[in-house]
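**Q** Just one file: start.csv, with CSV, C-alpha atoms.
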```csv
chain,number,residue,atom,x,y,z
A,184,MET,CA,-19.6,-31.9,-67.0
A,185,LYS,CA,-20.6,-34.8,-64.8
A,186,ALA,CA,-23.5,-33.7,-62.5
A,187,SER,CA,-24.9,-35.1,-59.3
A,188,ALA,CA,-28.1,-34.3,-57.5
A,189,PHE,CA,-28.5,-34.4,-53.8
A,190,VAL,CA,-31.3,-36.6,-52.6
A,191,TYR,CA,-32.8,-37.9,-49.3
A,192,PRO,CA,-33.9,-41.5,-49.0
A,193,TRP,CA,-37.4,-40.3,-48.1
A,194,ASP,CA,-37.6,-38.6,-51.5
A,195,VAL,CA,-37.3,-42.0,-53.2
A,196,ASN,CA,-38.7,-44.7,-50.9
A,197,GLY,CA,-42.4,-45.1,-51.4
A,198,ASP,CA,-42.3,-43.1,-54.7
A,199,PRO,CA,-41.7,-45.6,-57.6
A,200,GLU,CA,-41.5,-42.7,-60.1
A,201,ALA,CA,-38.7,-40.9,-58.2
A,202,PRO,CA,-35.6,-42.7,-59.6
A,203,ALA,CA,-36.6,-42.3,-63.3
A,204,ARG,CA,-37.6,-38.7,-62.6
A,205,ILE,CA,-34.2,-37.9,-61.2
A,206,ALA,CA,-32.3,-39.8,-63.9
A,207,ALA,CA,-34.3,-37.8,-66.5
A,208,LEU,CA,-32.7,-34.6,-65.2
A,209,GLY,CA,-29.6,-35.6,-67.1
A,210,VAL,CA,-27.5,-36.3,-64.0
A,211,ALA,CA,-25.2,-39.3,-63.9
A,212,GLN,CA,-25.0,-39.5,-60.2
A,213,VAL,CA,-26.9,-39.0,-57.0
A,214,THR,CA,-25.4,-37.9,-53.6
A,215,LEU,CA,-27.7,-39.8,-51.2
A,216,ALA,CA,-27.8,-39.0,-47.5
A,217,SER,CA,-26.7,-41.8,-45.3
A,218,ALA,CA,-26.0,-39.8,-42.1
A,219,TYR,CA,-27.9,-36.6,-41.7
A,220,HIS,CA,-28.8,-33.8,-39.1
A,221,SER,CA,-32.3,-32.9,-38.0
A,222,THR,CA,-34.4,-31.2,-40.6
A,223,ARG,CA,-37.9,-30.4,-41.9
A,224,ALA,CA,-38.2,-31.0,-45.6
A,225,LEU,CA,-40.8,-30.7,-48.3
A,226,THR,CA,-41.5,-33.6,-50.6
A,227,PRO,CA,-43.6,-31.9,-53.2
A,228,ARG,CA,-44.1,-34.9,-55.5
A,229,HIS,CA,-44.3,-37.9,-53.0
A,230,PRO,CA,-47.5,-39.9,-53.2
A,231,ARG,CA,-47.7,-40.4,-49.5
A,232,HIS,CA,-46.5,-37.2,-47.8
A,233,ARG,CA,-45.6,-33.6,-48.3
A,234,VAL,CA,-43.5,-32.8,-45.2
A,235,VAL,CA,-40.9,-35.0,-43.6
A,236,THR,CA,-39.7,-34.0,-40.1
A,237,ALA,CA,-36.4,-35.7,-39.2
A,238,GLU,CA,-36.4,-35.1,-35.5
A,239,HIS,CA,-32.7,-35.6,-34.7
A,240,ALA,CA,-29.4,-36.4,-36.3
A,241,ALA,CA,-29.4,-40.0,-37.4
A,242,VAL,CA,-27.9,-42.7,-39.5
A,243,LEU,CA,-30.3,-43.8,-42.3
A,244,TYR,CA,-29.2,-47.4,-42.2
A,245,PRO,CA,-28.8,-50.0,-39.4
A,246,ALA,CA,-25.7,-49.0,-37.4
A,247,GLY,CA,-23.1,-51.7,-36.8
A,248,ALA,CA,-23.0,-53.8,-33.6
A,249,HIS,CA,-19.6,-52.3,-32.8
A,250,TRP,CA,-21.3,-49.1,-31.5
A,251,SER,CA,-22.9,-51.0,-28.6
A,252,GLY,CA,-21.9,-49.5,-25.3
A,253,ARG,CA,-20.0,-46.6,-26.9
A,254,VAL,CA,-20.5,-43.0,-26.0
A,255,PRO,CA,-21.1,-41.1,-28.2
A,256,ARG,CA,-22.7,-43.3,-30.8
A,257,PRO,CA,-25.0,-42.8,-33.8
A,258,HIS,CA,-28.8,-43.0,-33.4
A,259,PRO,CA,-31.2,-44.7,-35.8
A,260,ALA,CA,-33.7,-42.6,-37.6
A,261,GLY,CA,-37.4,-42.7,-36.6
A,262,ASP,CA,-40.3,-43.3,-39.0
A,263,TRP,CA,-39.0,-40.7,-41.4
A,264,ALA,CA,-36.3,-43.2,-42.5
A,265,PRO,CA,-36.9,-46.6,-40.9
A,266,GLY,CA,-34.7,-49.6,-41.3
A,267,ASP,CA,-32.2,-49.5,-44.1
A,268,ALA,CA,-33.7,-46.5,-45.8
A,269,PHE,CA,-30.4,-45.6,-47.5
A,270,GLY,CA,-30.0,-49.1,-48.9
A,271,GLU,CA,-33.6,-49.2,-50.2
A,272,ALA,CA,-33.2,-45.9,-52.0
A,273,ALA,CA,-29.7,-46.7,-53.3
A,274,THR,CA,-30.9,-49.9,-54.9
A,275,ALA,CA,-33.8,-48.1,-56.6
A,276,LEU,CA,-31.6,-45.3,-57.9
A,277,ALA,CA,-28.9,-47.7,-59.2
A,278,GLU,CA,-31.6,-49.6,-61.1
A,279,ALA,CA,-32.5,-46.4,-62.8
A,280,GLY,CA,-28.9,-46.2,-64.1
A,281,LEU,CA,-27.6,-43.7,-61.5
A,282,GLU,CA,-24.2,-43.9,-59.7
A,283,VAL,CA,-24.8,-43.6,-56.0
A,284,HIS,CA,-22.4,-41.8,-53.6
A,285,THR,CA,-23.1,-41.3,-49.9
A,286,TRP,CA,-23.7,-37.9,-48.3
A,287,VAL,CA,-22.4,-38.0,-44.7
A,288,VAL,CA,-22.9,-35.1,-42.3
A,289,LEU,CA,-20.5,-35.3,-39.4
A,290,ALA,CA,-19.8,-32.5,-36.9
A,291,HIS,CA,-23.3,-31.1,-36.8
A,292,ASN,CA,-25.5,-33.0,-34.4
A,293,SER,CA,-27.9,-31.3,-32.0
A,294,ARG,CA,-29.0,-34.6,-30.3
A,295,LEU,CA,-25.4,-35.3,-29.4
A,296,GLY,CA,-25.2,-31.8,-27.7
A,297,ALA,CA,-28.5,-32.3,-25.9
A,298,GLU,CA,-27.6,-35.8,-24.6
A,299,HIS,CA,-23.9,-35.1,-23.9
A,300,PRO,CA,-23.5,-31.3,-23.3
A,301,ASP,CA,-19.8,-31.7,-22.5
A,302,THR,CA,-19.2,-32.6,-26.2
A,303,SER,CA,-20.3,-29.2,-27.4
A,304,VAL,CA,-18.4,-26.1,-28.4
A,305,VAL,CA,-18.4,-23.5,-25.6
A,306,ASN,CA,-17.9,-19.9,-26.4
A,307,ALA,CA,-16.0,-17.2,-24.5
A,308,TYR,CA,-19.1,-16.4,-22.5
A,309,GLY,CA,-19.7,-20.0,-21.4
A,310,ASP,CA,-22.6,-20.5,-23.8
A,311,ARG,CA,-22.8,-24.0,-25.3
A,312,TYR,CA,-23.6,-24.7,-29.0
A,313,PRO,CA,-25.4,-28.0,-28.9
A,314,TRP,CA,-25.4,-28.3,-32.7
A,315,ALA,CA,-21.6,-28.1,-32.8
A,316,PRO,CA,-19.5,-31.0,-31.4
A,317,CYS,CA,-16.0,-29.8,-30.4
A,318,ILE,CA,-13.7,-31.6,-32.8
A,319,ALA,CA,-10.8,-31.3,-30.4
A,320,GLN,CA,-12.2,-33.8,-27.9
A,321,PRO,CA,-10.6,-37.3,-28.3
A,322,ALA,CA,-13.9,-39.2,-27.8
A,323,THR,CA,-15.7,-37.0,-30.3
A,324,ARG,CA,-12.9,-37.3,-32.9
A,325,ALA,CA,-13.0,-41.1,-32.6
A,326,TYR,CA,-16.8,-41.1,-33.0
A,327,LEU,CA,-16.6,-38.9,-36.1
A,328,THR,CA,-13.8,-40.9,-37.7
A,329,ASP,CA,-15.6,-44.2,-37.2
A,330,LEU,CA,-18.9,-42.7,-38.3
A,331,ALA,CA,-17.3,-41.3,-41.4
A,332,ALA,CA,-16.1,-44.8,-42.4
A,333,GLU,CA,-19.3,-46.6,-41.7
A,334,ALA,CA,-21.7,-44.1,-43.2
A,335,ALA,CA,-19.5,-43.5,-46.2
A,336,VAL,CA,-18.9,-47.1,-47.3
A,337,ARG,CA,-22.4,-48.4,-47.7
A,338,PRO,CA,-23.3,-51.3,-50.0
A,339,GLY,CA,-23.7,-50.0,-53.6
A,340,ALA,CA,-21.9,-46.7,-53.1
A,341,CYS,CA,-19.1,-45.7,-55.4
A,342,GLY,CA,-17.9,-42.8,-53.3
A,343,THR,CA,-18.7,-40.4,-50.6
A,344,GLU,CA,-19.0,-36.7,-49.8
A,345,LEU,CA,-18.2,-35.7,-46.2
A,346,GLU,CA,-19.9,-32.6,-45.0
A,347,SER,CA,-19.2,-30.7,-41.7
A,348,LEU,CA,-15.8,-32.4,-41.3
A,349,GLY,CA,-14.3,-29.5,-39.4
A,350,TRP,CA,-15.3,-26.8,-36.9
A,351,TYR,CA,-18.9,-25.6,-36.5
A,352,GLY,CA,-19.5,-22.3,-34.8
A,353,LEU,CA,-22.1,-19.7,-34.0
A,354,ALA,CA,-23.6,-19.4,-37.6
A,355,HIS,CA,-26.2,-22.1,-37.9
A,356,LEU,CA,-29.8,-22.3,-39.0
A,357,HIS,CA,-31.0,-23.5,-35.6
A,358,ALA,CA,-34.7,-23.9,-34.7
A,359,HIS,CA,-36.4,-20.5,-35.1
A,360,ASP,CA,-33.0,-18.8,-35.3
A,361,LYS,CA,-32.9,-15.2,-34.0
A,362,THR,CA,-29.2,-14.4,-34.0
A,363,ALA,CA,-29.0,-11.8,-36.8
A,364,GLY,CA,-29.9,-8.8,-34.7
A,365,VAL,CA,-26.2,-7.7,-34.5
A,366,GLY,CA,-24.0,-7.8,-37.5
A,367,LEU,CA,-21.0,-9.7,-36.3
A,368,GLY,CA,-19.2,-9.8,-39.6
A,369,ASP,CA,-16.5,-12.4,-40.5
A,370,ALA,CA,-14.3,-11.4,-37.5
A,371,GLY,CA,-17.1,-11.4,-35.0
A,372,GLN,CA,-18.2,-14.8,-36.2
A,373,TYR,CA,-14.7,-16.1,-35.7
A,374,LEU,CA,-14.5,-14.9,-32.1
A,375,MET,CA,-17.9,-16.2,-31.3
A,376,SER,CA,-17.0,-19.6,-32.7
A,377,LEU,CA,-13.8,-20.0,-30.6
A,378,CYS,CA,-14.2,-23.0,-28.3
A,379,PHE,CA,-13.3,-23.0,-24.6
A,380,CYS,CA,-14.1,-26.6,-23.5
A,381,PRO,CA,-11.3,-28.3,-21.5
A,382,SER,CA,-9.7,-29.8,-24.6
A,383,CYS,CA,-9.5,-26.4,-26.3
A,384,ARG,CA,-8.2,-24.7,-23.2
A,385,GLU,CA,-5.4,-27.2,-23.1
A,386,GLY,CA,-4.8,-26.7,-26.8
A,387,TYR,CA,-4.5,-22.9,-26.4
A,388,GLY,CA,-2.0,-23.5,-23.7
A,389,ALA,CA,0.1,-25.5,-26.0
A,390,GLN,CA,0.2,-22.4,-28.3
A,391,GLY,CA,1.4,-20.2,-25.4
A,392,LEU,CA,-2.0,-18.7,-24.6
A,393,ASP,CA,-3.7,-18.6,-21.2
A,394,ALA,CA,-7.3,-19.7,-21.9
A,395,GLY,CA,-8.8,-17.6,-19.2
A,396,GLU,CA,-7.1,-14.5,-20.5
A,397,LEU,CA,-8.0,-15.4,-24.1
A,398,ALA,CA,-11.7,-15.7,-23.2
A,399,ALA,CA,-11.5,-12.3,-21.4
A,400,SER,CA,-9.8,-10.8,-24.5
A,401,VAL,CA,-12.5,-12.1,-26.7
A,402,ARG,CA,-15.3,-10.7,-24.6
A,403,THR,CA,-13.5,-7.3,-24.5
A,404,ALA,CA,-13.0,-7.3,-28.2
A,405,LEU,CA,-16.6,-8.1,-28.9
A,406,GLU,CA,-18.1,-5.4,-26.5
A,407,PRO,CA,-18.1,-2.7,-29.2
A,408,VAL,CA,-19.7,-5.1,-31.6
A,409,TRP,CA,-22.6,-5.7,-29.3
A,410,ARG,CA,-23.1,-1.9,-29.2
A,411,GLY,CA,-23.4,-1.8,-32.9
A,412,ALA,CA,-19.9,-0.6,-33.7
A,413,ALA,CA,-17.9,-2.0,-36.7
A,414,SER,CA,-16.9,-5.6,-36.2
A,415,GLY,CA,-13.2,-4.9,-37.0
A,416,GLY,CA,-13.3,-5.2,-40.7
A,417,GLY,CA,-13.6,-8.2,-43.0
A,418,GLY,CA,-11.5,-11.3,-43.4
A,419,TRP,CA,-8.5,-12.3,-41.2
A,420,THR,CA,-7.4,-8.6,-40.9
A,421,GLY,CA,-10.6,-7.9,-39.0
A,422,VAL,CA,-9.8,-10.8,-36.6
A,423,GLU,CA,-6.3,-9.5,-36.0
A,424,LYS,CA,-7.7,-6.0,-35.3
A,425,LEU,CA,-10.1,-7.3,-32.7
A,426,LEU,CA,-7.8,-9.8,-31.0
A,427,GLY,CA,-4.3,-8.8,-31.9
A,428,ALA,CA,-2.2,-10.4,-34.6
A,429,LYS,CA,-0.1,-12.7,-32.3
A,430,THR,CA,-3.1,-14.0,-30.3
A,431,ALA,CA,-5.2,-14.4,-33.4
A,432,ALA,CA,-2.5,-16.5,-35.1
A,433,ALA,CA,-2.1,-18.8,-32.0
A,434,THR,CA,-5.9,-19.5,-31.9
A,435,ARG,CA,-5.9,-20.2,-35.7
A,436,ALA,CA,-2.9,-22.5,-35.4
A,437,TRP,CA,-4.6,-24.6,-32.8
A,438,ARG,CA,-7.9,-24.8,-34.7
A,439,GLU,CA,-6.4,-25.5,-38.1
A,440,GLU,CA,-4.2,-28.3,-36.8
A,441,THR,CA,-7.2,-29.8,-35.0
A,442,ALA,CA,-9.3,-29.7,-38.1
A,443,ARG,CA,-6.5,-30.9,-40.4
A,444,THR,CA,-5.7,-33.9,-38.4
A,445,LEU,CA,-9.3,-34.9,-38.0
A,446,GLN,CA,-9.8,-34.6,-41.8
A,447,GLU,CA,-6.7,-36.8,-42.4
A,448,ALA,CA,-8.0,-39.4,-39.9
A,449,ALA,CA,-11.5,-39.5,-41.3
A,450,VAL,CA,-10.4,-39.8,-44.9
A,451,ARG,CA,-7.9,-42.5,-44.0
A,452,ALA,CA,-10.6,-44.4,-42.1
A,453,VAL,CA,-12.9,-44.3,-45.1
A,454,ARG,CA,-10.2,-45.5,-47.5
A,455,ASP,CA,-9.3,-48.4,-45.1
A,456,ALA,CA,-13.0,-49.5,-45.2
A,457,ALA,CA,-13.7,-48.9,-48.9
A,458,PRO,CA,-12.9,-50.9,-52.0
A,459,GLU,CA,-10.3,-49.8,-54.4
A,460,GLY,CA,-11.4,-46.8,-56.5
A,461,PHE,CA,-13.8,-45.5,-53.9
A,462,GLN,CA,-14.0,-41.7,-54.3
A,463,VAL,CA,-13.7,-39.4,-51.2
A,464,LEU,CA,-14.7,-35.8,-51.4
A,465,LEU,CA,-15.1,-33.1,-48.8
A,466,HIS,CA,-17.5,-30.2,-48.7
A,467,ALA,CA,-15.0,-27.4,-48.3
A,468,ASP,CA,-14.4,-23.6,-48.1
A,469,PRO,CA,-10.9,-22.4,-49.1
A,470,VAL,CA,-10.8,-20.0,-46.1
A,471,SER,CA,-9.3,-22.2,-43.5
A,472,TYR,CA,-10.7,-20.4,-40.4
A,473,HIS,CA,-14.3,-20.6,-41.6
A,474,CYS,CA,-16.8,-22.8,-39.8
A,475,GLY,CA,-19.8,-24.7,-41.0
A,476,ALA,CA,-21.1,-27.4,-43.3
A,477,ASN,CA,-18.4,-26.4,-45.8
A,478,ALA,CA,-15.5,-26.8,-43.5
A,479,GLY,CA,-12.6,-24.3,-43.8
A,480,VAL,CA,-9.5,-26.0,-45.3
A,481,ASP,CA,-6.1,-25.3,-46.7
A,482,PRO,CA,-6.6,-26.1,-50.4
A,483,ALA,CA,-3.2,-27.5,-51.0
A,484,HIS,CA,-3.4,-29.7,-47.9
A,485,ILE,CA,-6.9,-31.1,-48.5
A,486,LEU,CA,-6.3,-31.9,-52.2
A,487,SER,CA,-3.3,-33.9,-51.1
A,488,VAL,CA,-5.5,-35.9,-48.7
A,489,ALA,CA,-8.9,-36.4,-50.4
A,490,ASP,CA,-9.8,-37.0,-54.1
A,491,GLY,CA,-11.3,-33.5,-54.3
A,492,VAL,CA,-13.8,-31.0,-52.9
A,493,VAL,CA,-17.4,-29.8,-53.3
A,494,VAL,CA,-17.4,-26.0,-53.2
A,495,PRO,CA,-20.4,-23.8,-52.5
A,496,CYS,CA,-21.1,-21.7,-55.6
A,497,THR,CA,-24.7,-20.4,-55.2
A,498,GLY,CA,-23.4,-16.9,-54.4
A,499,GLY,CA,-20.9,-17.1,-57.3
A,500,PRO,CA,-18.1,-19.5,-58.2
A,501,GLY,CA,-15.2,-17.5,-56.9
A,502,LEU,CA,-14.4,-19.9,-54.1
A,503,LEU,CA,-13.3,-22.4,-56.8
A,504,THR,CA,-10.2,-20.4,-57.7
A,505,PRO,CA,-8.0,-21.2,-54.7
A,506,PHE,CA,-8.5,-24.9,-55.3
A,507,ALA,CA,-8.0,-24.7,-59.0
A,508,GLN,CA,-4.8,-22.8,-58.5
A,509,GLU,CA,-3.3,-25.9,-56.8
A,510,ASN,CA,-3.3,-27.6,-60.2
A,511,HIS,CA,-4.4,-31.1,-59.2
A,512,PRO,CA,-5.3,-32.4,-62.6
A,513,ASP,CA,-6.8,-35.7,-61.3
A,514,GLY,CA,-8.7,-34.0,-58.4
A,515,VAL,CA,-12.4,-33.4,-58.5
A,516,LEU,CA,-13.5,-29.8,-58.2
A,517,ALA,CA,-17.3,-29.9,-57.9
A,518,ALA,CA,-19.2,-26.6,-58.1
A,519,ASN,CA,-22.3,-26.8,-55.8
A,520,PHE,CA,-25.3,-24.8,-56.9
A,521,THR,CA,-28.6,-24.5,-55.2
A,522,VAL,CA,-31.3,-25.1,-57.7
A,523,VAL,CA,-34.3,-24.6,-55.5
A,524,SER,CA,-35.7,-21.1,-56.2
A,525,GLY,CA,-37.5,-20.8,-52.9
A,526,MET,CA,-34.1,-21.4,-51.1
A,527,GLY,CA,-32.2,-18.7,-52.9
A,528,GLY,CA,-31.2,-20.8,-55.9
A,529,SER,CA,-31.3,-19.8,-59.5
A,530,PRO,CA,-31.9,-22.8,-61.7
A,531,GLY,CA,-32.7,-20.5,-64.7
A,532,THR,CA,-29.1,-19.3,-64.8
A,533,LEU,CA,-27.6,-22.7,-64.3
A,534,THR,CA,-26.2,-22.9,-67.8
A,535,ALA,CA,-24.3,-19.6,-67.4
A,536,ASP,CA,-23.3,-20.3,-63.9
A,537,ALA,CA,-21.9,-23.8,-64.7
A,538,THR,CA,-20.1,-22.4,-67.7
A,539,GLU,CA,-18.4,-19.8,-65.5
A,540,ALA,CA,-17.6,-22.4,-62.9
A,541,ARG,CA,-16.0,-24.6,-65.6
A,542,ARG,CA,-13.9,-21.6,-66.7
A,543,LEU,CA,-12.7,-21.2,-63.2
A,544,GLY,CA,-11.6,-24.9,-63.0
A,545,ALA,CA,-14.7,-26.9,-62.0
A,546,THR,CA,-14.7,-30.4,-63.3
A,547,GLU,CA,-18.2,-31.5,-62.0
A,548,LEU,CA,-21.5,-30.0,-60.8
A,549,ARG,CA,-23.5,-30.7,-57.7
A,550,LEU,CA,-27.2,-29.7,-57.6
A,551,TYR,CA,-29.0,-29.0,-54.4
A,552,HIS,CA,-31.6,-30.5,-54.2
A,553,ALA,CA,-33.6,-32.9,-56.5
A,554,GLY,CA,-36.1,-33.7,-53.8
A,555,LEU,CA,-36.8,-30.2,-52.6
A,556,ALA,CA,-37.1,-28.5,-55.9
A,557,SER,CA,-40.4,-27.6,-57.6
A,558,ASP,CA,-41.4,-29.1,-61.0
A,559,GLY,CA,-40.5,-25.7,-62.6
A,560,ASP,CA,-37.0,-25.8,-61.0
A,561,LEU,CA,-36.4,-29.3,-62.2
A,562,GLU,CA,-37.4,-28.4,-65.7
A,563,ALA,CA,-34.9,-25.6,-65.7
A,564,VAL,CA,-32.2,-28.1,-64.5
A,565,ARG,CA,-33.1,-30.5,-67.3
A,566,SER,CA,-32.8,-27.7,-69.9
A,567,ALA,CA,-29.5,-26.6,-68.5
A,568,LEU,CA,-27.9,-30.0,-68.3
A,569,ALA,CA,-29.0,-30.8,-71.9
A,570,VAL,CA,-26.7,-28.1,-73.3
A,571,LEU,CA,-23.8,-28.4,-70.9
```
Please go through the file and, once you have read it, give me the structure as structure tokens.
**A**
Amino acid sequence: MKASAFVYPWDVNGDPEAPARIAALGVAQVTLASAYHSTRALTPRHPRHRVVTAEHAAVLYPAGAHWSGRVPRPHPAGDWAPGDAFGEAATALAEAGLEVHTWVVLAHNSRLGAEHPDTSVVNAYGDRYPWAPCIAQPATRAYLTDLAAEAAVRPGACGTELESLGWYGLAHLHAHDKTAGVGLGDAGQYLMSLCFCPSCREGYGAQGLDAGELAASVRTALEPVWRGAASGGGGWTGVEKLLGAKTAAATRAWREETARTLQEAAVRAVRDAAPEGFQVLLHADPVSYHCGANAGVDPAHILSVADGVVVPCTGGPGLLTPFAQENHPDGVLAANFTVVSGMGGSPGTLTADATEARRLGATELRLYHAGLASDGDLEAVRSALAVL
């Protein structure tokens, strides 16, 4: 199976041994960040540093002049990825024989929410989620679509993986996150992720809902949850139990149409900017109402739009099945495994995990993350890929 390792430019730039070390893992490809959110990351083997603090969401290359005067627009990185950090790393990795694909994070941007609060998702209580741009807003959609095309189609890249191309909600590893005190469950997470910005209020209206009444219904439905009662059950049945089947369906219809049309527009923009044969994948979850980095999608639809998907499999490869059942023989179905032990990964079981993923339809592997993993984790990856 073809395997690709995720990498940041700062894992490579300034470390002349990094490209060969990554290639020696047995991967054919790297998925290299070109637009990324704020983070704090270890660099356990870099000769100049051990911790990189990316202070805000940024593009890791010089943004085009066409952004001048636009709001919103992407920001350059600081000293953690100066200049064309992506281009420098991509060149070094390609010289080591690795195929380079871009890794583009889109609707996850705390700086955007801080500088332009009106762009953020607003929950039923009026709380803003600054990390989560509302993807229903026209200006935000235009920004994300144009960013997808520019950040994806970088010189030397053969393809792209688009992350967070959909709704973001409450669940988020925010700074010193302390939101786990009440178990919301799948249904509670959905209700707390519904947006009530002006664009979404209008959207609910088009579905026959009064936004004010809907917000009140959400607050009423969640009241027992805050007191520690059951969250209404798992899955969509739990959402229907809390909100009512008809109302729940109307909110879902609005949100799914909004995400679906954005995904179509972004993929189309990338294809228009890219050379022939450029591969476009989405990080995706087959449960269409789910929020987050792995955007909820309808498997049949997204496989008709993109060249394939990257599916989270660290907790088990079961999410592959709905995509595999669509029987797209030419589509990429990449199983994404965390291989950093300290982040919940299990590189020692990668051989067995990848074998099971292949049985369920996976055609490729993604390994998160070559820069963050310890030497021991990387050795386990090398051993696993040698027999796969």
**Q** Using Å and a single decimal, report how far CA of Ala224 (chain A) sits from CA of Val522 (chain A).
**A**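 So the two atoms, CA of Val522 (chain A) and CA of Ala224 (chain A), lie 15.1 Å apart.
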**Q** Using all atoms listed in the file, I'd like a table of the residues in region 465-508 of chain A that come within 8 Å of region 544-567 of chain A; for each, show the closest atom pair and its distance in Å rounded to one decimal, ordered by chain and ascending number, as CSV.
**A**
```
residue,atom,partner,partner_atom,distance
A:Val493,CA,A:Arg549,CA,7.6
A:Leu503,CA,A:Gly544,CA,6.9
A:Thr504,CA,A:Gly544,CA,7.1
A:Ala507,CA,A:Gly544,CA,5.4
```
**Q** For Phe379 (chain A), which residue among A:Met526, A:Ala354, A:Val336, A:Cys317 is the nearest when counting all atoms listed in the file?
**A**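 The answer is A:Cys317, which sits nearest to Phe379 (chain A).
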**Q** I'd like the contact shell of Gly491 (chain A) - 6 Å cut-off, all atoms listed in the file, skipping same-chain residues fewer than 2 positions apart - returned as a VMD selection string.
**A** chain A and resid 464 486 489 514 to 516
**Q** Can you tell me how far CA of Gln462 (chain A) sits from CA of Glu346 (chain A), in Å to one decimal?
**A**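 Interatomic distance, CA of Gln462 (chain A) to CA of Glu346 (chain A): 14.3 Å.
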**Q** Which of these, A:Ser187, A:Thr328, A:Ser471, A:Ser347, has the shortest distance to Thr521 (chain A) once you count only C-alpha atoms?
**A** A:Ser187
**Q** Name all residues at most 7 Å from Ala315 (chain A) (count all atoms listed in the file; drop same-chain ones fewer than 3 positions away) and give them as a PDB file with C-alpha atoms, keeping the file's coordinate frame.
**A**
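What landed in selection_21.pdb:
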```pdb
ATOM      1  CA  ALA A 290     -19.800 -32.500 -36.900  1.00  0.00           C
ATOM      2  CA  HIS A 291     -23.300 -31.100 -36.800  1.00  0.00           C
ATOM      3  CA  ASN A 292     -25.500 -33.000 -34.400  1.00  0.00           C
ATOM      4  CA  SER A 303     -20.300 -29.200 -27.400  1.00  0.00           C
ATOM      5  CA  VAL A 304     -18.400 -26.100 -28.400  1.00  0.00           C
ATOM      6  CA  TYR A 312     -23.600 -24.700 -29.000  1.00  0.00           C
ATOM      7  CA  TYR A 351     -18.900 -25.600 -36.500  1.00  0.00           C
ATOM      8  CA  GLY A 352     -19.500 -22.300 -34.800  1.00  0.00           C
TER       9      GLY A 352
END
```
**Q** So what do you get for CA of Thr434 (chain A) versus CA of Val450 (chain A), distance-wise?
**A**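 Interatomic distance here is 24.5 Å.
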**Q** Can you work out which one of A:Val422, A:Ala307, A:Cys383, A:Ala535 has the shortest atom-to-atom distance to Leu397 (chain A), counting all atoms listed in the file?
**A**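 The closest residue to Leu397 (chain A) is A:Ala307.
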**Q** Just checking: using all atoms listed in the file, which residue out of A:Ala389, A:Ala540, A:Ile318, A:Leu374 ends up closest to Leu426 (chain A)?
**A**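 Nearest candidate to Leu426 (chain A) out of A:Ala389, A:Ala540, A:Ile318, A:Leu374: A:Leu374.
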**Q** Restricting the calculation to only C-alpha atoms, which member of A:Ala436, A:Ala467, A:Ala370, A:Val195 is positioned closest to Lys424 (chain A)?
**A**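 Of all the options, A:Ala370 lies closest to Lys424 (chain A).
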**Q** Closest to Pro255 (chain A) among A:Tyr326, A:Trp409, A:Tyr373, A:Phe506, using only C-alpha atoms?
**A**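 For Pro255 (chain A), the nearest of the given residues is A:Tyr326.
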**Q** For a quick check of your reading of the model, name the residues lying within 10 Å of the coordinate (-43.3, -33.7, -50.4), counting all atoms listed in the file, and write them as a ChimeraX atom specification.
**A** /A:193-194,224-235,554-557
**Q** Tell me, as a list in words, which residues lie within 12 Å of Gly388 (chain A), counting all atoms listed in the file; anything in the same chain fewer than 2 positions away does not count.
**A**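 Final neighbour list, sorted by chain and number: Phe379, Pro381, Ser382, Cys383, Arg384, Glu385, Gly386, Gln390, Gly391, Leu392, Asp393, Ala394, Gly395, Glu396, Leu397, Thr430, Ala433, Thr434, Ala436 and Trp437 of chain A.
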**Q** N, CA, C and O atoms are what I want for region 485-490 of chain A; can you complete it accordingly and write them as an mmCIF file, in the coordinates of the input?
**A**
```cif
data_model
loop_
_atom_site.group_PDB
_atom_site.id
_atom_site.type_symbol
_atom_site.label_atom_id
_atom_site.label_comp_id
_atom_site.auth_asym_id
_atom_site.auth_seq_id
_atom_site.Cartn_x
_atom_site.Cartn_y
_atom_site.Cartn_z
ATOM 1 N N ILE A 485 -5.787 -30.190 -48.360
ATOM 2 C CA ILE A 485 -6.900 -31.100 -48.500
ATOM 3 C C ILE A 485 -6.886 -31.821 -49.844
ATOM 4 O O ILE A 485 -7.305 -32.978 -49.945
ATOM 5 N N LEU A 486 -6.359 -31.186 -50.883
ATOM 6 C CA LEU A 486 -6.300 -31.900 -52.200
ATOM 7 C C LEU A 486 -5.161 -32.907 -52.196
ATOM 8 O O LEU A 486 -5.124 -33.754 -53.100
ATOM 9 N N SER A 487 -4.287 -32.877 -51.192
ATOM 10 C CA SER A 487 -3.300 -33.900 -51.100
ATOM 11 C C SER A 487 -3.805 -35.101 -50.224
ATOM 12 O O SER A 487 -3.183 -36.164 -50.180
ATOM 13 N N VAL A 488 -4.958 -34.899 -49.580
ATOM 14 C CA VAL A 488 -5.500 -35.900 -48.700
ATOM 15 C C VAL A 488 -6.721 -36.612 -49.343
ATOM 16 O O VAL A 488 -6.797 -37.849 -49.374
ATOM 17 N N ALA A 489 -7.675 -35.829 -49.858
ATOM 18 C CA ALA A 489 -8.900 -36.400 -50.400
ATOM 19 C C ALA A 489 -8.804 -36.361 -51.967
ATOM 20 O O ALA A 489 -7.846 -35.840 -52.553
ATOM 21 N N ASP A 490 -9.820 -36.942 -52.601
ATOM 22 C CA ASP A 490 -9.800 -37.000 -54.100
ATOM 23 C C ASP A 490 -10.380 -35.701 -54.675
ATOM 24 O O ASP A 490 -10.385 -35.552 -55.906
#
```
